[in-house]
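J.: The structure's right below; bear with me while I get my questions together.
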Amino acid sequence: YTLLYTLSLHDALPIADACVALIKTPKLSDDELFALITGPDYPGGGQIISSSAEIAAAYSTGRGSLKVRARWKIEELARGQWQLVVQELPPGVSTQRVLEEIEELTNPKIKAGKKALGQEQVQLKQAVLAVLDVVRDESSKDAPVRLVFEPKTSKISQSELINTLLANTSLESSSPINLTMVGLDGKPTQKTLRQMLGEWIEFRQTTVQRRSRHRLDKVLDRIHILEGRQLVLLNIDEVIAIIRQSDEPKAALIERFRLSDRQAEDILEIRLRQLARLEAIKIEQELKNLREEQGRLEEILGSPAALRRLLVKEIEADAKQFADARRTLIQAEKKAVLEVKVLDEPVTVVISDKGWVRARSGHGHDPAGFAFKAGDGLYGTFECRTVDTLLAFGSRGGAE
């Protein structure tokens with residue numbers, strides 16, 4: 001078994017620690033539980049930028065979404081040049097997907113039903129091309145993920161290039177959490193993290209009990225056989241004589257030595273040569289070991305405390321053998337947002353009587369040259385700057 005099967009996107013050690021804590025303290029608080037399991041660990045690494053509160057909320061309900069971003073490094077080149085190298089991607093994101101997104105941003109296609117590129121497409125294209133010169137995939141056997149981004153110039157701010165890429169590609173994306181499992185009732189159900197771990201512990205406890213009962217039955221059967229051989233060994237010559245001379249040796253052995261049917265059958269299955277070579281010391285040593293094991297198994301089956309100790313011991317041993325280092329960094333950050341720079345230029349805002357708003361570049365326009373729809377006319381003009389904030393109030397006094 002493996003704890004990673006229960007929560008496949010978590011590193012084994014924290015899950016093991018949480019299970020051990022719940023076995024020892026079933027009433028462990030959520031805060032204490034989430035302190036042990038701080039968040040998912042994705043195979044491709046990356047960085048979880050969601051807050052601890054958001055992670056805890058997802059674990060408390062069994063459903064949620066976390067923000068995950070790529071991890072990168074800056075490689076310094078000759079003559080002051082540099083390049084951005086992405087080495088880890090969010091879950092479900094491939095290098096091919098990122099390249100396709102970059103292509104769509106820098107060479108956008110006109111949307112269906114439109115005659116030209118939309119303003120947003122144009123702005124995004126300009127924003128990306130202003131900071132990015134070349135992107136290439138250098139992934140290989142030695143470097144499973146290596147996406148290289150070269151800036152437009154070395155004078156471009158590193159944070160500006162990074163933020164532009166994060167805001168417009170899958171280098172920063174959402175990863176869903178859906179804690180659905182087949183529970184003890186055999187039905188797939190969405191559960192909280194505590195419920196998942198609790199049911200797994202209950203399942204594991206039942207498994208260890210069944211395993212112990214099965215092994216105890218085997219041990220008791222072997223002890224029974226060896227006790228029969230031990231009795232025969234003390235009367236080996238008489239046993240051999242009965243086997244050779246009796247028409248019904250099995251019945252004769254049972255009657256003479258009060259053996260069980262199982263013990264008598266075992267004696268008869270042994271060749272006479274092997275029977276004569278039975279060693280009392282070996283039988284006694286095996287019996288001693290089996291009786292010690294019998295005692296341990298009966299303690300596990302008869303004592304809940306002993307069963308819990310065994311569960312903890314096995315979980316800790318598995319974690320030590322199979323656990324590896326965490327791949328995904330958990331560090332809260334603000335979601336990347338692209339800020340489109342607006343040139344500071346003069347602009348004239350024109351408002352019609354019916355509330356239509358439009359802008360014309362520059363100042364000093366002649367209002368007589370403005371055209372309006374039939375039944376509409378000029379309400380007013382406002383000369384301002386493109387970086388100014390426009391506030392409009394409706395007839396009910398609310399800001400629009």
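Every chain in the structure tokens has a letter given in the order shown (A, B, ...), and although residue numbers restart at 1 in each chain, ligands are simply numbered from 1 in the order shown.
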Please report, as CSV, each residue of stretch 283-390 of chain A lying at most 7 Å from stretch 215-236 of chain A, together with the nearest pair of atoms and the separation in Å rounded to one decimal; use only C-alpha atoms, and order rows by chain and ascending residue number.
T.:
residue,atom,partner,partner_atom,distance
A:Ile283,CA,A:Leu226,CA,6.6
A:Leu287,CA,A:Ile223,CA,6.2
A:Leu290,CA,A:Val219,CA,6.2
A:Gln294,CA,A:Leu216,CA,6.3
A:Leu297,CA,A:Leu216,CA,6.3
J.: Tell me, as an mmCIF file with N, CA, C and O atoms, in the first residue's frame, which residues lie within 8 Å of A:Thr164, counting only C-alpha atoms; anything in the same chain fewer than 5 positions away does not count.
T.:
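Result saved to part-v9.cif:
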data_model
loop_
_atom_site.group_PDB
_atom_site.id
_atom_site.type_symbol
_atom_site.label_atom_id
_atom_site.label_comp_id
_atom_site.auth_asym_id
_atom_site.auth_seq_id
_atom_site.Cartn_x
_atom_site.Cartn_y
_atom_site.Cartn_z
ATOM 1 N N ALA A 127 2.027 44.983 -26.009
ATOM 2 C CA ALA A 127 2.632 44.831 -24.684
ATOM 3 C C ALA A 127 3.661 43.708 -24.667
ATOM 4 O O ALA A 127 4.739 43.840 -24.068
ATOM 5 N N VAL A 128 3.351 42.590 -25.346
ATOM 6 C CA VAL A 128 4.277 41.450 -25.357
ATOM 7 C C VAL A 128 5.488 41.751 -26.222
ATOM 8 O O VAL A 128 6.638 41.505 -25.827
ATOM 9 N N ALA A 336 -0.514 37.854 -10.906
ATOM 10 C CA ALA A 336 0.092 38.742 -11.891
ATOM 11 C C ALA A 336 -0.983 39.430 -12.721
ATOM 12 O O ALA A 336 -1.909 38.783 -13.214
ATOM 13 N N VAL A 337 -0.878 40.722 -12.873
ATOM 14 C CA VAL A 337 -1.829 41.506 -13.667
ATOM 15 C C VAL A 337 -1.042 42.390 -14.621
ATOM 16 O O VAL A 337 -0.093 43.072 -14.217
ATOM 17 N N LEU A 338 -1.433 42.348 -15.894
ATOM 18 C CA LEU A 338 -0.738 43.174 -16.878
ATOM 19 C C LEU A 338 -1.261 44.595 -16.835
ATOM 20 O O LEU A 338 -2.461 44.834 -16.937
#
J.: Mind giving me the straight-line distance from atom CA of A:Ser361 to atom CA of A:Lys373 in Å, one decimal?
T.: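 For atom CA of A:Ser361 relative to atom CA of A:Lys373, the distance reads 20.7 Å.
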J.: With distances taken over only C-alpha atoms, which residue among A:Gly118, A:Ala252, A:Ala70, A:Ile243 lies nearest A:Ile270?
T.: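 Checking each candidate against A:Ile270, we get A:Ile243 as the closest.
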J.: Which neighbours of stretch 89-105 of chain A fall inside 8 Å, counting only C-alpha atoms, when residues of the same chain fewer than 3 positions from it are skipped, and could you give them as a ChimeraX atom specification?
T.: /A:42-47,68-71,86,108-109,121,124-125,128,135-137,145,147,169-173,175
J.: Keeping N, CA and C atoms, export the residues of the selection given above as an mmCIF file, in the first residue's frame.
T.:
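Output contents, as saved in result-v7.cif:
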data_model
loop_
_atom_site.group_PDB
_atom_site.id
_atom_site.type_symbol
_atom_site.label_atom_id
_atom_site.label_comp_id
_atom_site.auth_asym_id
_atom_site.auth_seq_id
_atom_site.Cartn_x
_atom_site.Cartn_y
_atom_site.Cartn_z
ATOM 1 N N TYR A 42 3.087 19.089 -6.608
ATOM 2 C CA TYR A 42 2.883 18.661 -7.983
ATOM 3 C C TYR A 42 4.161 18.046 -8.557
ATOM 4 N N PRO A 43 4.016 17.033 -9.412
ATOM 5 C CA PRO A 43 5.198 16.364 -9.979
ATOM 6 C C PRO A 43 6.134 17.319 -10.711
ATOM 7 N N GLY A 44 5.559 18.328 -11.375
ATOM 8 C CA GLY A 44 6.396 19.254 -12.139
ATOM 9 C C GLY A 44 6.923 20.425 -11.342
ATOM 10 N N GLY A 45 6.675 20.430 -10.027
ATOM 11 C CA GLY A 45 7.165 21.530 -9.202
ATOM 12 C C GLY A 45 6.267 22.746 -9.283
ATOM 13 N N GLY A 46 6.843 23.893 -9.590
ATOM 14 C CA GLY A 46 6.081 25.133 -9.628
ATOM 15 C C GLY A 46 5.966 25.768 -8.258
ATOM 16 N N GLN A 47 5.187 26.828 -8.185
ATOM 17 C CA GLN A 47 4.988 27.556 -6.928
ATOM 18 C C GLN A 47 3.506 27.833 -6.722
ATOM 19 N N VAL A 68 -1.223 28.551 -9.287
ATOM 20 C CA VAL A 68 0.128 27.993 -9.366
ATOM 21 C C VAL A 68 0.869 28.675 -10.507
ATOM 22 N N ARG A 69 2.108 29.044 -10.252
ATOM 23 C CA ARG A 69 2.895 29.677 -11.308
ATOM 24 C C ARG A 69 4.194 28.909 -11.530
ATOM 25 N N ALA A 70 4.778 29.156 -12.689
ATOM 26 C CA ALA A 70 6.048 28.517 -13.040
ATOM 27 C C ALA A 70 7.172 29.051 -12.154
ATOM 28 N N ARG A 71 8.273 28.346 -12.171
ATOM 29 C CA ARG A 71 9.480 28.822 -11.483
ATOM 30 C C ARG A 71 10.575 28.997 -12.534
ATOM 31 N N VAL A 86 12.581 29.357 -17.844
ATOM 32 C CA VAL A 86 11.556 28.678 -17.041
ATOM 33 C C VAL A 86 11.934 27.209 -16.907
ATOM 34 N N PRO A 108 -1.781 37.537 -33.485
ATOM 35 C CA PRO A 108 -3.190 37.197 -33.249
ATOM 36 C C PRO A 108 -3.987 37.075 -34.543
ATOM 37 N N LYS A 109 -5.028 36.260 -34.503
ATOM 38 C CA LYS A 109 -5.905 36.074 -35.655
ATOM 39 C C LYS A 109 -7.211 36.835 -35.418
ATOM 40 N N GLN A 121 -6.723 42.729 -28.371
ATOM 41 C CA GLN A 121 -5.706 41.934 -29.061
ATOM 42 C C GLN A 121 -4.525 42.801 -29.454
ATOM 43 N N LEU A 124 -2.488 43.762 -26.296
ATOM 44 C CA LEU A 124 -1.697 42.636 -25.787
ATOM 45 C C LEU A 124 -0.502 42.366 -26.687
ATOM 46 N N LYS A 125 -0.729 42.427 -27.994
ATOM 47 C CA LYS A 125 0.378 42.220 -28.929
ATOM 48 C C LYS A 125 1.473 43.256 -28.699
ATOM 49 N N VAL A 128 3.351 42.590 -25.346
ATOM 50 C CA VAL A 128 4.277 41.450 -25.357
ATOM 51 C C VAL A 128 5.488 41.751 -26.222
ATOM 52 N N VAL A 135 11.497 33.499 -28.079
ATOM 53 C CA VAL A 135 11.228 32.421 -27.136
ATOM 54 C C VAL A 135 11.553 31.102 -27.828
ATOM 55 N N ARG A 136 12.186 30.193 -27.115
ATOM 56 C CA ARG A 136 12.509 28.893 -27.704
ATOM 57 C C ARG A 136 12.469 27.811 -26.630
ATOM 58 N N ASP A 137 12.190 26.625 -27.075
ATOM 59 C CA ASP A 137 12.100 25.472 -26.180
ATOM 60 C C ASP A 137 13.401 24.687 -26.261
ATOM 61 N N VAL A 145 12.290 20.517 -18.594
ATOM 62 C CA VAL A 145 11.631 21.784 -18.919
ATOM 63 C C VAL A 145 12.684 22.882 -18.964
ATOM 64 N N LEU A 147 12.374 26.498 -20.980
ATOM 65 C CA LEU A 147 11.817 27.498 -21.899
ATOM 66 C C LEU A 147 12.628 28.781 -21.754
ATOM 67 N N THR A 169 -0.118 34.163 -20.044
ATOM 68 C CA THR A 169 0.057 32.769 -20.465
ATOM 69 C C THR A 169 -0.238 31.833 -19.305
ATOM 70 N N SER A 170 -0.153 30.553 -19.603
ATOM 71 C CA SER A 170 -0.402 29.530 -18.581
ATOM 72 C C SER A 170 0.771 29.355 -17.628
ATOM 73 N N LEU A 171 1.787 30.202 -17.741
ATOM 74 C CA LEU A 171 2.886 30.154 -16.771
ATOM 75 C C LEU A 171 2.346 30.465 -15.370
ATOM 76 N N GLU A 172 1.207 31.118 -15.323
ATOM 77 C CA GLU A 172 0.464 31.248 -14.066
ATOM 78 C C GLU A 172 -0.969 30.825 -14.359
ATOM 79 N N SER A 173 -1.430 29.792 -13.686
ATOM 80 C CA SER A 173 -2.763 29.259 -13.975
ATOM 81 C C SER A 173 -3.382 28.674 -12.714
ATOM 82 N N SER A 175 -5.158 25.590 -10.599
ATOM 83 C CA SER A 175 -5.143 24.126 -10.482
ATOM 84 C C SER A 175 -6.291 23.704 -9.565
#
